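K.L.:
Shown below is the structure under consideration.
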Amino acid sequence: MSNLKTITVTVNGKHYTRDVEPRLLLSDFIRHHLGLTGTHVGCEHGVCGTCTVLFDGESVRSCLMFAVQSDGHEVTTVESLGDIDNLHPLQEAFMEAHAVQCGFCTSGFLMSLIPFLEENPDPTEEEIRDALAGNLCRCTGYQHIVDAVKLAAENMAVQS
Amino acid sequence: MKPAAFDYYAPSTTEEALAYLDQFGYDAKPLAGGQSLIPTMNFRLAQPSVLVDLNPIVDLSYIRPHEDGGLLLGAMTRASQVERDPLVAERAPLVHETMPSIAHPQIRNRSTMGGTMAHADPAAELPAVAIALNAQFRIRGQAGDRWVSVDEFFLGMFMTVIEPSELLVEVRLPPMPPRSGWCFREIARRHGDYALVGVAAMVTLDGGNQCDQARLVFLSVEDRPVPARRAAEMLQGQTPTAEAIQAAAETAATEDIDPGSDIHASASYRRQLAKVLARQALTQAFARARGVA
Ligand SMILES: Cc1cc2nc3c(=O)[nH]c(=O)nc-3n(C[C@H](O)[C@H](O)[C@H](O)COP(=O)(O)OP(=O)(O)OC[C@H]3O[C@@H](n4cnc5c(N)ncnc54)[C@H](O)[C@@H]3O)c2cc1C
């Protein structure tokens with residue numbers, strides 16, 4: 001490819017320098033170039049929310065950005081939250097409240113909720129439902145997801 | 001790869017961006033929030049061969065008070081910034097009230113004031129709000145700036161007066177006269193989705209509590225936002241009683257708009273929604289103008 005661009009991106013605190021085509025989506029860069037497959041890809045037009053990551057700390061659709069646009073910026077993916085032995089309280093709550101069925105949408109929900117809970121540590125059910133509106137779960141387990149957010153907010157309040 | 005290949009430029013000044021647009025003409029597209037442009041590129045409905053990314057132009061992102069009491073919004077100001085800004089809440093409460101209806105937080109973190117106006121989606125909220133507020137647009141080309149009033153800005157579906165070699169750089173919202181009231185209402189299948197019908201209302205009362213001016217603008221009913229002119233005329237000089245509001249809402253829904261049918265809603269359902277939303281929005285706007293809501 002003639003028009004490769006060299007970019008340096010910080011993903012989950014680690015610096016990566018890569019050559020990319022301008023048309024490479026951030027979502028595909030994260031999955032295929034960095035091998036971070038926790039970020040899922042669904043509709044690729046911004047509707048489903050499964051590719052949600054944090055860009056400079058704010059939730060965004062990674063399918064609606066180009067990797068070149070992340071040059072010099074910070075990206076945070078679901079891999080930053082925790083691992084199987086040491087889950088993030090939000091992940092714990094999702095498990096406990098049965099908010100995960102097939103799991104495809106889960107990482108998008110988690111990454112939308114991380115900044116939401118930081119800004120709203122004690123959210124009402126209405127606020128939670130509003131915050132979840134940009135993520136689709138086709139197993140339709142929304143009630144459990146709402147329960148999980150409430151549980152996470154409680155647990156995180158106790159911990160802090 | 002989903003989008004077709006393109007050359008990418010990321011200028012840090014508006015002047016540089018305009019030079020690229022001038023050089024590449026119709027083949028080039030400015031990239032703002034990308035929340036409308038990138039989906040269409042992912043489906044290859046749009047295949048620009050050059051993208052000029054406006055995101056590094058920090059000078060285009062601002063919310064400033066105008067000395068006349070209004071506001072100046074830079075084209076690259078994100079929707080989420082507008083949503084949270086206290087000055088917007090104070091000086092343009094109609095905009096503040098509308099923001100949460102636009103898409104979802106993840107989209108609003110990227111999408112921009114300039115992008116939503118330039119995109120001119122007939123289902124978008126802010127173009128209708130801009131008409132209700134009598135906004136003005138500063139459009140920049142290499143030869144200089146020109147101001148365009150909102151009544152001339154939208155030409156049709158996804159079409160505005162911006163030339164391919166130009167950029168929208170600023171949106172100006174005039175001050176709200178005293179004794180004004182506002183309201184935004186829409187119906188969507190799911191909060192955050194594009195509305196089946198929406199309406200923005202701005203009204204001003206005179207000293208005798210009669211309607212001095214009313215602006216009522218619909219979205220999602222035609223190929224561009226539609227001001228309900230006859231309904232506005234009916235209200236002018238009238239005491240805004242429940243009956244007067246109901247009559248104006250009926251005129252708005254039957255005479256001022258000509259909605260079409262699509263997979264989302266039939267034309268007659270859209271008229272019904274328009275009538276109900278117009279009544280609700282006008283009622284609330286007049287109550288706010290009287291200071292009782
Ligand atoms: C899932 C989803 C739901 C959405 N729901 C809504 C909704 O309910 N209501 C709504 O209003 N919008 C909605 N949007 C659209 C979103 O608000 C768009 O981002 C917005 O309309 C376009 O703004 P942008 O900054 O992303 O522009 P871009 O997508 O970057 O650009 C759009 C067009 O405008 C041109 N352009 C951009 N900036 C300029 C400029 N300064 N000068 C000249 N031309 C320019 C571009 O070249 C392009 O043709 C939704 C989007 C998604 C993905």
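Residues in the structure tokens are named by chain (A, B, ... in the order shown) and by number from 1 within that chain; ligands are numbered from 1 in the order shown.
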Residues of chain A that approach ligand 1 to 7 Å or less, counting only C-alpha atoms and all ligand atoms: could you list each one with the shortest pair of atoms and its distance in Å to one decimal, rows by chain and increasing residue number, as JSON lines?

P.N.:
{"residue": "A:His45", "atom": "CA", "partner": "ligand 1", "partner_atom_place_in_ligand_line": "53 (C)", "distance": 5.9}
{"residue": "A:Gly46", "atom": "CA", "partner": "ligand 1", "partner_atom_place_in_ligand_line": "53 (C)", "distance": 4.2}
{"residue": "A:Val47", "atom": "CA", "partner": "ligand 1", "partner_atom_place_in_ligand_line": "1 (C)", "distance": 3.9}

K.L.:
Restrict the selected residues to N, CA, C and O atoms and save them as an mmCIF file, in the first residue's frame.

P.N.:
data_model
loop_
_atom_site.group_PDB
_atom_site.id
_atom_site.type_symbol
_atom_site.label_atom_id
_atom_site.label_comp_id
_atom_site.auth_asym_id
_atom_site.auth_seq_id
_atom_site.Cartn_x
_atom_site.Cartn_y
_atom_site.Cartn_z
ATOM 1 N N HIS A 45 -22.140 0.475 11.742
ATOM 2 C CA HIS A 45 -22.616 1.823 11.432
ATOM 3 C C HIS A 45 -23.107 2.555 12.678
ATOM 4 O O HIS A 45 -23.921 3.456 12.582
ATOM 5 N N GLY A 46 -22.567 2.172 13.803
ATOM 6 C CA GLY A 46 -22.757 2.969 15.012
ATOM 7 C C GLY A 46 -24.000 2.673 15.808
ATOM 8 O O GLY A 46 -24.247 3.307 16.820
ATOM 9 N N VAL A 47 -24.799 1.691 15.371
ATOM 10 C CA VAL A 47 -26.088 1.465 16.012
ATOM 11 C C VAL A 47 -25.998 0.497 17.192
ATOM 12 O O VAL A 47 -26.618 0.709 18.221
#

K.L.:
Would you mind listing, as a PyMOL selection string, all residues of chain A that have at least one atom within 7 Å of chain B, where only C-alpha atoms are what counts?

P.N.:
chain A and resi 22-24+44-45+58-61+64-65+133-134

K.L.:
Any chance you can output those residues with C-alpha atoms as a short mmCIF file (atom, residue, chain, number, x, y, z; two decimals), in the first residue's frame?

P.N.:
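Final output, again.cif:
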data_model
loop_
_atom_site.label_atom_id
_atom_site.label_comp_id
_atom_site.auth_asym_id
_atom_site.auth_seq_id
_atom_site.Cartn_x
_atom_site.Cartn_y
_atom_site.Cartn_z
CA PRO A 22 -6.11 5.56 6.36
CA ARG A 23 -9.27 3.54 5.68
CA LEU A 24 -8.56 1.09 8.50
CA GLU A 44 -20.37 -1.19 11.71
CA HIS A 45 -22.62 1.82 11.43
CA GLU A 58 -14.80 9.16 26.61
CA SER A 59 -16.96 6.37 25.24
CA VAL A 60 -17.01 6.23 21.44
CA ARG A 61 -17.87 3.82 18.64
CA LEU A 64 -16.90 5.14 13.44
CA MET A 65 -13.31 6.30 13.71
CA ALA A 133 -29.91 2.97 25.21
CA GLY A 134 -26.92 3.11 22.89
#

K.L.:
Applying 6 Å and only C-alpha atoms, which residues near segment 77-93 of chain A remain after dropping the ones on its own chain fewer than 4 positions away? List them as a ChimeraX atom specification.

P.N.:
/A:12,53,97,107,148,151-152

K.L.:
For atom CA of Asn120 of chain A and atom CA of Glu154 of chain A, determine how far apart the two atoms are, in Å to one decimal place.

P.N.:
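Atom CA of Glu154 of chain A lies at a distance of 11.8 Å from atom CA of Asn120 of chain A.
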
K.L.:
Looking only at strand (DSSP E) from DSSP on the backbone, list the matching residues of chain A as an mmCIF file with C-alpha atoms, in the first residue's frame.

P.N.:
data_model
loop_
_atom_site.group_PDB
_atom_site.id
_atom_site.type_symbol
_atom_site.label_atom_id
_atom_site.label_comp_id
_atom_site.auth_asym_id
_atom_site.auth_seq_id
_atom_site.Cartn_x
_atom_site.Cartn_y
_atom_site.Cartn_z
ATOM 1 C CA LYS A 5 0.666 6.258 7.762
ATOM 2 C CA THR A 6 2.730 5.628 10.848
ATOM 3 C CA ILE A 7 0.788 6.125 14.050
ATOM 4 C CA THR A 8 1.631 5.830 17.729
ATOM 5 C CA VAL A 9 -1.297 5.043 19.966
ATOM 6 C CA THR A 10 -1.508 4.335 23.660
ATOM 7 C CA VAL A 11 -3.857 1.419 24.230
ATOM 8 C CA LYS A 14 0.883 0.556 26.369
ATOM 9 C CA HIS A 15 2.401 2.410 23.387
ATOM 10 C CA TYR A 16 2.022 0.871 19.957
ATOM 11 C CA THR A 17 3.605 2.171 16.749
ATOM 12 C CA ARG A 18 2.129 0.734 13.568
ATOM 13 C CA ASP A 19 1.787 1.501 9.857
ATOM 14 C CA VAL A 20 -1.843 1.666 8.806
ATOM 15 C CA THR A 52 -17.551 0.853 22.208
ATOM 16 C CA VAL A 53 -14.141 1.815 23.623
ATOM 17 C CA LEU A 54 -12.839 4.852 25.471
ATOM 18 C CA PHE A 55 -11.058 7.486 23.392
ATOM 19 C CA GLU A 58 -14.801 9.163 26.614
ATOM 20 C CA SER A 59 -16.956 6.366 25.243
ATOM 21 C CA VAL A 60 -17.013 6.228 21.438
ATOM 22 C CA ARG A 61 -17.875 3.821 18.643
ATOM 23 C CA GLU A 74 -5.272 7.185 24.313
ATOM 24 C CA VAL A 75 -7.592 4.240 23.736
ATOM 25 C CA THR A 76 -8.977 2.047 26.495
#

K.L.:
Just want the 9 Å neighbourhood of Arg140 of chain B, counted on only C-alpha atoms, with same-chain residues fewer than 5 positions away dropped. Output as a list in words.

P.N.:
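Everything that qualifies: Thr14, Leu18, Asp145, Arg146, Trp147, Ile162, Ser165, Glu166, Leu167, Leu168 and Val169 of chain B.
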
K.L.:
With N, CA, C and O atoms retained, export the selected residues as a compact mmCIF listing (two decimals), in the first residue's frame.

P.N.:
# COMPACT_ATOMS: atom_id res chain seq x y z
N THR B 14 -7.55 25.98 9.69
CA THR B 14 -8.66 26.06 8.73
C THR B 14 -8.12 26.44 7.34
O THR B 14 -8.62 25.94 6.34
N LEU B 18 -8.81 24.42 3.93
CA LEU B 18 -9.44 25.02 2.75
C LEU B 18 -8.57 24.85 1.51
O LEU B 18 -9.09 24.64 0.40
N ASP B 145 -14.99 35.01 4.32
CA ASP B 145 -16.17 34.51 5.00
C ASP B 145 -17.44 35.08 4.40
O ASP B 145 -17.45 36.19 3.90
N ARG B 146 -18.53 34.30 4.48
CA ARG B 146 -19.85 34.85 4.18
C ARG B 146 -20.81 34.33 5.24
O ARG B 146 -20.65 33.23 5.76
N TRP B 147 -21.79 35.17 5.58
CA TRP B 147 -22.82 34.77 6.53
C TRP B 147 -24.08 34.37 5.78
O TRP B 147 -24.49 35.07 4.86
N ILE B 162 -23.44 25.17 1.33
CA ILE B 162 -21.97 25.10 1.45
C ILE B 162 -21.40 24.50 0.16
O ILE B 162 -21.81 23.42 -0.27
N SER B 165 -15.71 23.58 -1.83
CA SER B 165 -14.43 24.19 -1.45
C SER B 165 -14.55 25.03 -0.18
O SER B 165 -13.62 25.73 0.19
N GLU B 166 -15.72 24.97 0.47
CA GLU B 166 -15.94 25.80 1.65
C GLU B 166 -16.12 24.95 2.91
O GLU B 166 -16.41 23.75 2.83
N LEU B 167 -16.00 25.62 4.04
CA LEU B 167 -16.28 24.98 5.33
C LEU B 167 -17.27 25.83 6.11
O LEU B 167 -17.18 27.07 6.09
N LEU B 168 -18.17 25.16 6.81
CA LEU B 168 -18.96 25.86 7.81
C LEU B 168 -18.04 26.01 9.01
O LEU B 168 -17.45 25.02 9.46
N VAL B 169 -17.83 27.23 9.49
CA VAL B 169 -16.89 27.39 10.60
C VAL B 169 -17.56 27.80 11.92
O VAL B 169 -17.03 27.56 12.99

K.L.:
Excluding Ile131 of chain B and residues on its chain fewer than 6 positions from it, collect all residues at most 7 Å away from it, counting only C-alpha atoms, and give them as a PyMOL selection string.

P.N.:
chain B and resi 150-151+217

K.L.:
From segment 44-96 of chain A, collect each residue whose DSSP state is helix (DSSP H, G or I) and return the set as a list in words.

P.N.:
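Assigned to helix (DSSP H, G or I), within segment 44-96 of chain A: Ser62, Cys63, Leu64, Ala67, Val68, Gln69, Ser70, Val78, Glu79, Ser80, Pro89, Leu90, Gln91, Glu92, Ala93, Phe94, Met95 and Glu96 of chain A.
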
K.L.:
Please provide as a VMD selection string all residues within 10 Å of Arg78 of chain B, with the sequence filter that same-chain residues fewer than 3 positions apart are discarded (counting only C-alpha atoms).

P.N.:
chain B and resid 32 to 33 61 to 62 73 to 75 81 to 83 107 to 115
